[in-house]
>>> print(open('model-v2.pdb').read())   # PDB, C-alpha atoms
ATOM      1  CA  MET D  15    -102.749   6.709 -22.329
ATOM      2  CA  ARG D  16    -103.449   3.537 -20.355
ATOM      3  CA  ALA D  17    -104.119   1.592 -23.522
ATOM      4  CA  PHE D  18    -100.913   2.903 -25.033
ATOM      5  CA  LEU D  19     -98.856   1.884 -22.012
ATOM      6  CA  ALA D  20    -100.477  -1.528 -21.868
ATOM      7  CA  PHE D  21     -99.754  -2.148 -25.533
ATOM      8  CA  THR D  22     -96.185  -0.938 -25.160
ATOM      9  CA  LYS D  23     -95.782  -3.330 -22.266
ATOM     10  CA  LYS D  24     -97.108  -6.164 -24.402
ATOM     11  CA  GLU D  25     -94.546  -5.317 -27.067
ATOM     12  CA  TRP D  26     -91.819  -5.217 -24.445
ATOM     13  CA  VAL D  27     -92.754  -8.641 -23.075
ATOM     14  CA  GLU D  28     -92.807  -9.998 -26.615
ATOM     15  CA  LEU D  29     -89.347  -8.592 -27.222
ATOM     16  CA  ILE D  30     -87.970 -10.444 -24.228
ATOM     17  CA  ARG D  31     -89.935 -13.686 -24.594
ATOM     18  CA  THR D  32     -88.965 -14.187 -28.220
ATOM     19  CA  GLY D  33     -85.320 -13.760 -27.233
ATOM     20  CA  ARG D  34     -84.943 -10.941 -29.735
ATOM     21  CA  LEU D  35     -83.583  -8.474 -27.205
ATOM     22  CA  ALA D  36     -80.984 -10.906 -25.862
ATOM     23  CA  ILE D  37     -79.794 -11.823 -29.360
ATOM     24  CA  LEU D  38     -79.537  -8.201 -30.425
ATOM     25  CA  LEU D  39     -77.665  -7.165 -27.288
ATOM     26  CA  VAL D  40     -75.130  -9.961 -27.677
ATOM     27  CA  LEU D  41     -74.757  -9.242 -31.386
ATOM     28  CA  PHE D  42     -74.176  -5.535 -30.940
ATOM     29  CA  SER D  43     -71.620  -6.223 -28.204
ATOM     30  CA  LEU D  44     -69.876  -8.626 -30.568
ATOM     31  CA  PHE D  45     -69.757  -5.933 -33.222
ATOM     32  CA  GLY D  46     -68.446  -3.477 -30.654
ATOM     33  CA  ILE D  47     -65.614  -5.802 -29.667
ATOM     34  CA  MET D  48     -64.747  -6.754 -33.234
ATOM     35  CA  ASN D  49     -63.927  -3.182 -34.328
ATOM     36  CA  PRO D  50     -60.917  -2.582 -32.088
ATOM     37  CA  ALA D  51     -59.957  -6.262 -32.325
ATOM     38  CA  VAL D  52     -59.613  -6.035 -36.105
ATOM     39  CA  ALA D  53     -57.668  -2.801 -35.749
ATOM     40  CA  LYS D  54     -55.373  -4.386 -33.202
ATOM     41  CA  LEU D  55     -54.793  -7.444 -35.346
ATOM     42  CA  THR D  56     -54.055  -5.545 -38.569
ATOM     43  CA  PRO D  57     -50.306  -5.011 -38.010
ATOM     44  CA  TRP D  58     -49.926  -8.610 -36.989
ATOM     45  CA  MET D  59     -51.732  -9.885 -40.073
ATOM     46  CA  MET D  60     -49.667  -7.573 -42.242
ATOM     47  CA  GLU D  61     -46.520  -9.089 -40.743
ATOM     48  CA  MET D  62     -47.789 -12.544 -41.498
ATOM     49  CA  MET D  63     -48.543 -11.584 -45.054
ATOM     50  CA  ALA D  64     -45.351  -9.599 -45.522
ATOM     51  CA  ASP D  65     -43.303 -12.764 -45.971
ATOM     52  CA  SER D  66     -45.482 -14.190 -48.675
ATOM     53  CA  LEU D  67     -45.776 -10.809 -50.323
ATOM     54  CA  LYS D  68     -42.021 -10.388 -50.387
ATOM     55  CA  GLU D  69     -41.797 -13.345 -52.706
ATOM     56  CA  THR D  70     -44.035 -11.563 -55.154
ATOM     57  CA  GLY D  71     -41.866  -8.482 -54.890
ATOM     58  CA  LEU D  72     -44.116  -6.345 -52.708
ATOM     59  CA  THR D  73     -42.817  -4.861 -49.533
ATOM     60  CA  VAL D  74     -45.146  -3.807 -46.814
ATOM     61  CA  ALA D  75     -44.277  -0.802 -44.739
ATOM     62  CA  ALA D  76     -45.022  -0.964 -41.043
ATOM     63  CA  VAL D  77     -48.676  -0.101 -40.504
ATOM     64  CA  LYS D  78     -49.533   2.328 -37.816
ATOM     65  CA  VAL D  79     -52.749   1.575 -36.019
ATOM     66  CA  ASP D  80     -54.596   4.009 -33.812
ATOM     67  CA  ALA D  81     -58.105   4.804 -32.669
ATOM     68  CA  MET D  82     -58.989   6.013 -36.170
ATOM     69  CA  THR D  83     -58.475   2.535 -37.615
ATOM     70  CA  SER D  84     -60.886   1.186 -35.077
ATOM     71  CA  TRP D  85     -63.461   3.919 -35.732
ATOM     72  CA  THR D  86     -63.206   3.296 -39.460
ATOM     73  CA  GLN D  87     -64.030  -0.326 -38.748
ATOM     74  CA  PHE D  88     -66.973   0.814 -36.643
ATOM     75  CA  TYR D  89     -68.509   2.777 -39.511
ATOM     76  CA  LYS D  90     -67.790  -0.045 -41.919
ATOM     77  CA  ASN D  91     -69.511  -2.641 -39.759
ATOM     78  CA  ILE D  92     -72.458  -0.730 -38.351
ATOM     79  CA  PRO D  93     -74.523  -0.971 -41.585
ATOM     80  CA  ILE D  94     -74.360  -4.767 -41.297
ATOM     81  CA  ALA D  95     -75.572  -4.569 -37.708
ATOM     82  CA  MET D  96     -78.315  -2.197 -38.858
ATOM     83  CA  VAL D  97     -79.461  -4.645 -41.540
ATOM     84  CA  ILE D  98     -79.599  -7.504 -39.022
ATOM     85  CA  PHE D  99     -81.568  -5.284 -36.659
ATOM     86  CA  LEU D 100     -84.119  -4.457 -39.369
ATOM     87  CA  LEU D 101     -84.352  -8.109 -40.441
ATOM     88  CA  MET D 102     -85.152  -9.070 -36.863
ATOM     89  CA  PHE D 103     -87.996  -6.560 -36.772
ATOM     90  CA  GLY D 104     -89.238  -7.145 -40.323
ATOM     91  CA  GLY D 105     -92.384  -8.893 -39.157
ATOM     92  CA  ILE D 106     -93.290  -6.499 -36.372
ATOM     93  CA  LEU D 107     -96.698  -5.680 -37.862
ATOM     94  CA  THR D 108     -97.095  -8.255 -40.610
ATOM     95  CA  ALA D 109     -96.776 -11.172 -38.190
ATOM     96  CA  GLU D 110     -99.747  -9.726 -36.309
ATOM     97  CA  TYR D 111    -101.821  -9.395 -39.489
ATOM     98  CA  GLN D 112    -101.160 -13.011 -40.362
ATOM     99  CA  LYS D 113    -102.071 -14.294 -36.936
ATOM    100  CA  GLY D 114    -104.942 -11.863 -36.596
ATOM    101  CA  THR D 115    -103.882 -10.971 -33.066
ATOM    102  CA  LEU D 116    -104.580  -7.269 -33.478
ATOM    103  CA  ILE D 117    -108.219  -7.591 -34.527
ATOM    104  CA  ASN D 118    -109.431  -8.300 -31.026
ATOM    105  CA  MET D 119    -107.698  -5.322 -29.541
ATOM    106  CA  LEU D 120    -108.737  -2.957 -32.312
ATOM    107  CA  THR D 121    -112.397  -3.945 -32.114
ATOM    108  CA  LYS D 122    -112.265  -3.465 -28.355
ATOM    109  CA  GLY D 123    -111.374   0.141 -28.950
ATOM    110  CA  LEU D 124    -107.616   0.391 -29.054
ATOM    111  CA  ALA D 125    -106.790   3.378 -31.253
ATOM    112  CA  ARG D 126    -104.814   2.440 -34.322
ATOM    113  CA  TRP D 127    -102.248   5.161 -33.986
ATOM    114  CA  LYS D 128    -101.345   3.802 -30.573
ATOM    115  CA  VAL D 129    -100.393   0.482 -32.127
ATOM    116  CA  ILE D 130     -98.019   2.173 -34.554
ATOM    117  CA  LEU D 131     -96.609   4.508 -31.948
ATOM    118  CA  ALA D 132     -96.032   1.760 -29.386
ATOM    119  CA  LYS D 133     -94.223  -0.393 -31.917
ATOM    120  CA  GLY D 134     -92.192   2.576 -33.086
ATOM    121  CA  CYS D 135     -91.226   3.453 -29.512
ATOM    122  CA  ILE D 136     -90.143  -0.066 -28.678
ATOM    123  CA  MET D 137     -88.080  -0.407 -31.850
ATOM    124  CA  THR D 138     -86.472   2.984 -31.372
ATOM    125  CA  ALA D 139     -85.659   2.207 -27.758
ATOM    126  CA  THR D 140     -84.112  -1.131 -28.705
ATOM    127  CA  TRP D 141     -82.109   0.470 -31.493
ATOM    128  CA  THR D 142     -80.907   3.212 -29.158
ATOM    129  CA  VAL D 143     -79.756   0.820 -26.462
ATOM    130  CA  CYS D 144     -78.097  -1.605 -28.885
ATOM    131  CA  TYR D 145     -76.407   1.064 -30.951
ATOM    132  CA  TRP D 146     -74.949   3.024 -28.061
ATOM    133  CA  LEU D 147     -73.887  -0.201 -26.406
ATOM    134  CA  CYS D 148     -71.883  -1.064 -29.525
ATOM    135  CA  TYR D 149     -70.498   2.473 -29.637
ATOM    136  CA  GLY D 150     -69.642   2.432 -25.933
ATOM    137  CA  ILE D 151     -67.736  -0.836 -26.178
ATOM    138  CA  THR D 152     -65.695   0.382 -29.139
ATOM    139  CA  TYR D 153     -65.112   3.675 -27.362
ATOM    140  CA  GLY D 154     -63.928   1.910 -24.219
ATOM    141  CA  TYR D 155     -61.448  -0.260 -26.055
ATOM    142  CA  ASN D 156     -60.144   2.653 -28.063
ATOM    143  CA  TRP D 157     -59.685   4.643 -24.909
ATOM    144  CA  TYR D 158     -57.824   1.742 -23.332
ATOM    145  CA  PHE D 159     -55.468   1.009 -26.217
ATOM    146  CA  TRP D 160     -55.065   4.328 -27.962
ATOM    147  CA  GLU D 161     -56.209   7.917 -27.708
ATOM    148  CA  ASN D 162     -59.740   8.856 -28.688
ATOM    149  CA  GLY D 163     -58.581  12.443 -28.850
ATOM    150  CA  ILE D 164     -57.308  12.184 -32.411
ATOM    151  CA  ALA D 165     -60.843  11.764 -33.703
ATOM    152  CA  SER D 166     -62.971  14.881 -33.539
ATOM    153  CA  HIS D 167     -66.775  15.025 -33.179
ATOM    154  CA  LEU D 168     -67.011  11.377 -32.154
ATOM    155  CA  GLY D 169     -70.406  11.613 -30.522
ATOM    156  CA  LEU D 170     -71.866  13.772 -33.261
ATOM    157  CA  ALA D 171     -70.786  11.433 -36.044
ATOM    158  CA  ALA D 172     -72.184   8.481 -34.119
ATOM    159  CA  ALA D 173     -75.471  10.322 -33.565
ATOM    160  CA  CYS D 174     -75.790  10.767 -37.351
ATOM    161  CA  VAL D 175     -75.799   7.025 -37.946
ATOM    162  CA  TRP D 176     -78.177   6.605 -35.005
ATOM    163  CA  ILE D 177     -80.638   9.049 -36.598
ATOM    164  CA  LEU D 178     -80.358   7.157 -39.869
ATOM    165  CA  GLY D 179     -81.381   4.015 -37.979
ATOM    166  CA  ILE D 180     -84.449   5.761 -36.566
ATOM    167  CA  TRP D 181     -85.415   6.913 -40.050
ATOM    168  CA  LEU D 182     -85.183   3.338 -41.338
ATOM    169  CA  ILE D 183     -87.405   2.209 -38.465
ATOM    170  CA  ALA D 184     -90.017   4.795 -39.469
ATOM    171  CA  VAL D 185     -89.781   3.690 -43.107
ATOM    172  CA  MET D 186     -90.212   0.090 -42.061
ATOM    173  CA  LEU D 187     -93.307   0.937 -40.028
ATOM    174  CA  LEU D 188     -94.790   2.744 -43.014
ATOM    175  CA  MET D 189     -94.052  -0.207 -45.285
ATOM    176  CA  SER D 190     -95.531  -2.563 -42.689
ATOM    177  CA  THR D 191     -98.832  -0.719 -42.963
ATOM    178  CA  VAL D 192     -98.737  -0.876 -46.763
ATOM    179  CA  PHE D 193     -97.656  -4.482 -47.354
ATOM    180  CA  GLN D 194     -98.921  -7.755 -45.948
ATOM    181  CA  THR D 195     -95.797  -9.915 -45.740
ATOM    182  CA  SER D 196     -92.536  -9.270 -43.966
ATOM    183  CA  SER D 197     -90.440 -10.041 -47.052
ATOM    184  CA  ALA D 198     -92.275  -7.327 -48.982
ATOM    185  CA  VAL D 199     -91.740  -4.924 -46.096
ATOM    186  CA  LEU D 200     -88.016  -5.641 -45.992
ATOM    187  CA  ALA D 201     -87.656  -5.427 -49.763
ATOM    188  CA  ALA D 202     -89.477  -2.080 -49.842
ATOM    189  CA  THR D 203     -87.400  -0.674 -46.970
ATOM    190  CA  GLY D 204     -84.213  -1.808 -48.672
ATOM    191  CA  GLY D 205     -85.516  -0.319 -51.906
ATOM    192  CA  ILE D 206     -86.035   3.088 -50.312
ATOM    193  CA  ALA D 207     -82.551   3.035 -48.818
ATOM    194  CA  LEU D 208     -81.212   2.050 -52.230
ATOM    195  CA  VAL D 209     -83.060   4.912 -53.931
ATOM    196  CA  SER D 210     -81.542   7.332 -51.424
ATOM    197  CA  TYR D 211     -78.119   5.851 -52.121
ATOM    198  CA  VAL D 212     -78.464   5.997 -55.900
ATOM    199  CA  VAL D 213     -79.740   9.578 -55.885
ATOM    200  CA  GLY D 214     -76.780  10.330 -53.625
ATOM    201  CA  LEU D 215     -74.467   9.551 -56.518
ATOM    202  CA  ILE D 216     -75.412  12.972 -57.867
ATOM    203  CA  PRO D 217     -72.955  15.230 -56.039
ATOM    204  CA  LYS D 218     -75.375  18.139 -55.676
ATOM    205  CA  ALA D 219     -78.146  16.089 -54.113
ATOM    206  CA  ARG D 220     -75.941  14.065 -51.817
ATOM    207  CA  LYS D 221     -75.967  16.573 -48.986
ATOM    208  CA  PHE D 222     -79.711  16.349 -48.506
ATOM    209  CA  LEU D 223     -80.087  12.594 -48.369
ATOM    210  CA  PRO D 224     -80.408  10.334 -45.337
ATOM    211  CA  THR D 225     -77.814   7.860 -46.598
ATOM    212  CA  HIS D 226     -75.283  10.695 -46.575
ATOM    213  CA  LEU D 227     -75.274  10.246 -42.801
ATOM    214  CA  LEU D 228     -73.465   6.938 -43.251
ATOM    215  CA  ALA D 229     -70.497   8.942 -44.436
ATOM    216  CA  ALA D 230     -70.531  10.942 -41.201
ATOM    217  CA  SER D 231     -67.276   9.264 -40.227
ATOM    218  CA  GLY D 232     -65.676  11.891 -42.453
ATOM    219  CA  MET D 233     -66.132  14.229 -39.505
ATOM    220  CA  LEU D 234     -63.692  12.229 -37.413
ATOM    221  CA  SER D 235     -60.629  12.840 -39.497
ATOM    222  CA  GLY D 236     -61.676  16.401 -40.190
ATOM    223  CA  ALA D 237     -62.151  15.587 -43.900
ATOM    224  CA  GLY D 238     -65.758  16.707 -43.728
ATOM    225  CA  SER D 239     -67.103  19.651 -41.825
ATOM    226  CA  VAL D 240     -69.945  19.325 -39.351
ATOM    227  CA  GLU D 241     -72.113  21.790 -41.273
ATOM    228  CA  GLU D 242     -72.061  19.474 -44.242
ATOM    229  CA  TYR D 243     -74.232  17.008 -42.366
ATOM    230  CA  TRP D 244     -76.823  19.283 -40.793
ATOM    231  CA  CYS D 245     -78.976  19.309 -43.925
ATOM    232  CA  ALA D 246     -79.005  15.539 -44.079
ATOM    233  CA  VAL D 247     -79.817  15.332 -40.358
ATOM    234  CA  TRP D 248     -82.825  17.635 -40.658
ATOM    235  CA  VAL D 249     -84.063  15.970 -43.832
ATOM    236  CA  THR D 250     -83.750  12.571 -42.175
ATOM    237  CA  ILE D 251     -85.623  13.662 -39.067
ATOM    238  CA  GLY D 252     -88.295  15.311 -41.226
ATOM    239  CA  LEU D 253     -88.694  12.237 -43.406
ATOM    240  CA  GLY D 254     -88.844  10.047 -40.311
ATOM    241  CA  VAL D 255     -91.683  12.076 -38.797
ATOM    242  CA  LEU D 256     -93.483  12.155 -42.158
ATOM    243  CA  GLY D 257     -93.033   8.408 -42.471
ATOM    244  CA  LEU D 258     -94.560   7.864 -39.061
ATOM    245  CA  LEU D 259     -97.495  10.164 -39.844
ATOM    246  CA  ALA D 260     -98.046   8.442 -43.172
ATOM    247  CA  ALA D 261     -97.942   5.083 -41.416
ATOM    248  CA  VAL D 262    -100.689   6.198 -39.026
ATOM    249  CA  ILE D 263    -102.819   7.573 -41.887
ATOM    250  CA  VAL D 264    -102.434   4.463 -44.033
ATOM    251  CA  TYR D 265    -103.117   2.218 -41.077
ATOM    252  CA  ASN D 266    -106.252   4.147 -40.151
ATOM    253  CA  LYS D 267    -107.658   3.473 -43.607
ATOM    254  CA  LYS D 268    -107.113  -0.268 -43.462
TER     255      LYS D 268
ATOM    256  CA  MET A  16     -47.923  -9.569 -30.836
ATOM    257  CA  ASN A  17     -48.055 -11.389 -27.546
ATOM    258  CA  ILE A  18     -50.962 -13.151 -25.992
ATOM    259  CA  LYS A  19     -51.476 -10.547 -23.297
ATOM    260  CA  GLU A  20     -52.429  -7.896 -25.818
ATOM    261  CA  VAL A  21     -55.131 -10.060 -27.322
ATOM    262  CA  LEU A  22     -56.660 -11.233 -24.059
ATOM    263  CA  PRO A  23     -58.890  -8.172 -23.521
ATOM    264  CA  PHE A  24     -60.574  -9.073 -26.820
ATOM    265  CA  ILE A  25     -60.573 -12.822 -26.663
ATOM    266  CA  ILE A  26     -62.281 -13.156 -23.298
ATOM    267  CA  PRO A  27     -65.365 -10.998 -24.007
ATOM    268  CA  LEU A  28     -65.575 -12.410 -27.535
ATOM    269  CA  ILE A  29     -65.634 -15.951 -26.205
ATOM    270  CA  ILE A  30     -68.222 -15.025 -23.589
ATOM    271  CA  ALA A  31     -70.453 -13.289 -26.151
ATOM    272  CA  GLU A  32     -70.184 -16.096 -28.677
ATOM    273  CA  PHE A  33     -70.927 -18.792 -26.160
ATOM    274  CA  THR A  34     -73.875 -16.828 -24.792
ATOM    275  CA  LEU A  35     -75.268 -16.613 -28.314
ATOM    276  CA  LEU A  36     -74.619 -20.314 -28.864
ATOM    277  CA  ALA A  37     -76.227 -21.240 -25.547
ATOM    278  CA  ILE A  38     -79.361 -19.164 -26.226
ATOM    279  CA  SER A  39     -79.759 -20.697 -29.681
ATOM    280  CA  ILE A  40     -79.194 -24.301 -28.612
ATOM    281  CA  TRP A  41     -81.561 -23.876 -25.703
ATOM    282  CA  HIS A  42     -84.147 -22.427 -28.046
ATOM    283  CA  ILE A  43     -83.715 -25.211 -30.601
ATOM    284  CA  LEU A  44     -84.000 -27.953 -28.005
ATOM    285  CA  THR A  45     -87.087 -26.514 -26.338
ATOM    286  CA  HIS A  46     -89.006 -26.144 -29.621
ATOM    287  CA  ASN A  47     -90.233 -28.980 -31.768
ATOM    288  CA  HIS A  48     -91.357 -27.110 -34.831
ATOM    289  CA  TYR A  49     -89.394 -24.739 -36.988
ATOM    290  CA  LYS A  50     -90.302 -22.520 -39.878
ATOM    291  CA  ARG A  51     -87.930 -24.487 -42.065
ATOM    292  CA  GLY A  52     -85.630 -27.446 -41.569
ATOM    293  CA  ASN A  53     -85.444 -29.731 -38.574
ATOM    294  CA  ARG A  54     -83.677 -29.938 -35.255
ATOM    295  CA  ILE A  55     -80.520 -31.688 -36.480
ATOM    296  CA  LEU A  56     -80.065 -29.229 -39.336
ATOM    297  CA  TRP A  57     -80.365 -26.215 -37.069
ATOM    298  CA  LEU A  58     -78.050 -27.653 -34.434
ATOM    299  CA  ILE A  59     -75.407 -28.189 -37.115
ATOM    300  CA  VAL A  60     -75.907 -24.696 -38.565
ATOM    301  CA  VAL A  61     -75.731 -23.042 -35.166
ATOM    302  CA  ILE A  62     -72.675 -24.949 -33.981
ATOM    303  CA  VAL A  63     -70.737 -24.687 -37.245
ATOM    304  CA  GLY A  64     -71.579 -21.008 -37.661
ATOM    305  CA  MET A  65     -71.221 -20.160 -34.001
ATOM    306  CA  GLU A  66     -69.167 -17.028 -34.587
ATOM    307  CA  PHE A  67     -72.526 -15.239 -34.753
ATOM    308  CA  ILE A  68     -73.795 -16.067 -38.245
ATOM    309  CA  GLY A  69     -75.303 -19.454 -37.251
ATOM    310  CA  PRO A  70     -77.494 -18.172 -34.405
ATOM    311  CA  VAL A  71     -78.549 -15.181 -36.504
ATOM    312  CA  LEU A  72     -79.608 -17.469 -39.350
ATOM    313  CA  TYR A  73     -81.566 -19.622 -36.928
ATOM    314  CA  PHE A  74     -83.428 -16.718 -35.361
ATOM    315  CA  LEU A  75     -84.191 -15.176 -38.742
ATOM    316  CA  LEU A  76     -85.108 -18.256 -40.745
ATOM    317  CA  GLY A  77     -85.667 -21.162 -38.399
ATOM    318  CA  LYS A  78     -87.511 -19.831 -35.397
ATOM    319  CA  GLU A  79     -91.229 -20.302 -35.604
ATOM    320  CA  ASP A  80     -93.278 -17.176 -34.970
ATOM    321  CA  VAL A  81     -94.997 -17.519 -31.652
TER     322      VAL A  81
END
>>> encode(input="model-v2.pdb", output="C-alpha cells")
Amino acid sequence: MRAFLAFTKKEWVELIRTGRLAILLVLFSLFGIMNPAVAKLTPWMMEMMADSLKETGLTVAAVKVDAMTSWTQFYKNIPIAMVIFLLMFGGILTAEYQKGTLINMLTKGLARWKVILAKGCIMTATWTVCYWLCYGITYGYNWYFWENGIASHLGLAAACVWILGIWLIAVMLLMSTVFQTSSAVLAATGGIALVSYVVGLIPKARKFLPTHLLAASGMLSGAGSVEEYWCAVWVTIGLGVLGLLAAVIVYNKK
Amino acid sequence: MNIKEVLPFIIPLIIAEFTLLAISIWHILTHNHYKRGNRILWLIVVIVGMEFIGPVLYFLLGKEDV
C-alpha cells in the first residue's frame, strides 16, 4: 500500500509539474463556457445571416433558444475535449519506457500492477474533475439564462459520457502495455473506438456498445428511454474492468 | 442582442484564454529545447492560435518530455 501511494503521489506531482493539469482544467472550463455561449449567440447570428439569405430567397424564422440548445452543444463538443484529454495522456506509460525511468523502481520491488493501477487512478481522477467541471459550468449558465427543467435525466446522461471516458482510459492503459510508442497507443485506442462505432451501425448491436453512450443526450429530450442505455453502461463498465485486468496481465509478462 | 447579455460569457472566456496563453508563453520562454520547431515558431503559433488551439498544439507537439 505504501508503494502504491508513493507512486500515485509521484504521478500527481508529474501531472502538476508538467502543467498538464492546469492546461486541462482551463480547456475544460473553456469548453464549458462555449456551450451556452454558442447557444446564446445563435439567434443573433441567424439575424445577421437572415439579410443575406433573404437575397437568395430564403427566409429564416425566429429561432428559439433554450437550455436544450446548450446541452446539445455540450454533447457535440465533449468528444473533442475527450480526444484532447486522451492525446495529453497518450504517453503516460510509453514515455517511461523510452526514458527507462520505471526500471529502477520495478527492480527495487515495486509491483507491476501498482504502476498500472496508480496511473489509472490518476487519469480517472483527472478525467472526473475536468469532465464534471465542464458539466458544472454549462449547467450553471443554463440555470442562469434558461430553465434546466426542460431537460430530463441531465445527470444520468452526463454520467454515461463520463463512463465512456473511463472506458477509453482503460483501453489506453491496455494499449500502453502492448505498444512501445505513444502514437501507436493513440492509434490503437482510436481504432478500438472506431470499431465500436462501426459495429454500432448495425441497429441490433448498437445498444450493447460503449460508443452508444455518446448518444445518451437522447435521454434529455425524452427521445430515448433510460433503459435503452443500461446495457451499454454495463458493457462499458465490464469492458473497462477487463481492459484494466488485461493491462495488468500483459504488463506482468513484459 | 446587447452587450450586457454577452458579458457573462466574455469575461470568463477572456480570463480562461489569457490564462492558457500566459501558461504557454511562460513555458516556452523558460525552456530552450522543444520536441519540434524553435522558440519563435512556437510563440507565433501560440499567440496566433490563442483561442485554445495554439497552446494545445504546443503542449501536444512542442513541449519536450521531461
>>> closest_residue(input="model-v2.pdb", among="D:Leu55, D:Ala20, D:Leu182, D:Val77", to="chain A", atoms="all atoms listed in the file")
D:Leu55
>>> axis_aligned_box(input="model-v2.pdb", around="range 39-43 of chain A", padding_each_side="8 Å", output="lines of an AutoDock Vina configuration file")
center_x = -81.7
center_y = -23.0
center_z = -28.2
size_x = 21.0
size_y = 20.5
size_z = 20.9
>>> atom_distance(input="model-v2.pdb", atom1="CA of Val247 in chain D", atom2="CA of Leu170 in chain D")
10.8 Å
>>> interface_residues(input="model-v2.pdb", of="chain D", to="chain A", cutoff="7 Å", atoms="only C-alpha atoms", output="PyMOL selection string")
chain D and resi 37+40+44+47+51+58+102
>>> residues_near_point(input="model-v2.pdb", point="(-76.7, -28.9, -35.6)", cutoff="12 Å", atoms="all atoms listed in the file", output="VMD selection string")
chain A and resid 36 39 to 40 43 to 44 52 to 65 69 to 70 73
>>> atom_distance(input="model-v2.pdb", atom1="CA of Leu101 in chain D", atom2="CA of Phe193 in chain D")
15.4 Å
>>> resolve_selection(input="model-v2.pdb", expression="the PyMOL selection byres ((chain D and resi 241) around 12)", output="ChimeraX atom specification")
/D:167,170-171,221-222,230,232-233,236,238-240,242-248
>>> resolve_selection(input="model-v2.pdb", expression="the PyMOL selection byres ((chain D and resi 180) around 9)", output="PyMOL selection string")
chain D and resi 137-138+141-142+175-179+181-185+250-251+254
>>> atom_distance(input="model-v2.pdb", atom1="CA of Gly46 in chain D", atom2="CA of Met62 in chain D")
25.0 Å
>>> resolve_selection(input="model-v2.pdb", expression="the PyMOL selection byres ((chain D and resi 156) around 10)", output="NGL selection string")
:D and (49-51 or 53-54 or 80-85 or 150-155 or 157-163)
>>> write_last_selection(input="model-v2.pdb", atoms="C-alpha atoms", output="compact mmCIF listing (two decimals), in the frame of the given file")
# COMPACT_ATOMS: atom_id res chain seq x y z
CA ASN D 49 -63.93 -3.18 -34.33
CA PRO D 50 -60.92 -2.58 -32.09
CA ALA D 51 -59.96 -6.26 -32.33
CA ALA D 53 -57.67 -2.80 -35.75
CA LYS D 54 -55.37 -4.39 -33.20
CA ASP D 80 -54.60 4.01 -33.81
CA ALA D 81 -58.10 4.80 -32.67
CA MET D 82 -58.99 6.01 -36.17
CA THR D 83 -58.48 2.54 -37.62
CA SER D 84 -60.89 1.19 -35.08
CA TRP D 85 -63.46 3.92 -35.73
CA GLY D 150 -69.64 2.43 -25.93
CA ILE D 151 -67.74 -0.84 -26.18
CA THR D 152 -65.69 0.38 -29.14
CA TYR D 153 -65.11 3.68 -27.36
CA GLY D 154 -63.93 1.91 -24.22
CA TYR D 155 -61.45 -0.26 -26.06
CA TRP D 157 -59.68 4.64 -24.91
CA TYR D 158 -57.82 1.74 -23.33
CA PHE D 159 -55.47 1.01 -26.22
CA TRP D 160 -55.06 4.33 -27.96
CA GLU D 161 -56.21 7.92 -27.71
CA ASN D 162 -59.74 8.86 -28.69
CA GLY D 163 -58.58 12.44 -28.85
>>> closest_residue(input="model-v2.pdb", among="D:Leu256, D:Ala109, D:Met63, D:Ile98", to="Thr195 in chain D", atoms="all atoms listed in the file")
D:Ala109
>>> residues_around(input="model-v2.pdb", residues="Thr191 in chain D", least_positions_apart="4", cutoff="8 Å", atoms="all atoms listed in the file", output="compact mmCIF listing (two decimals) with C-alpha atoms, in the frame of the given file")
# COMPACT_ATOMS: atom_id res chain seq x y z
CA LEU D 107 -96.70 -5.68 -37.86
CA LEU D 187 -93.31 0.94 -40.03
CA ALA D 261 -97.94 5.08 -41.42
CA VAL D 264 -102.43 4.46 -44.03
CA TYR D 265 -103.12 2.22 -41.08
>>> closest_residue(input="model-v2.pdb", among="D:Thr22, D:Val143, D:Gly114, D:Phe88", to="Ala36 in chain D", atoms="only C-alpha atoms")
D:Val143
>>> residues_around(input="model-v2.pdb", residues="range 121-123 of chain D", least_positions_apart="4", cutoff="10 Å", atoms="only C-alpha atoms", output="PyMOL selection string")
chain D and resi 17+116-117
>>> closest_residue(input="model-v2.pdb", among="D:Thr56, D:Thr86, D:Asn118, D:Asn266", to="Leu234 in chain D", atoms="only C-alpha atoms")
D:Thr86
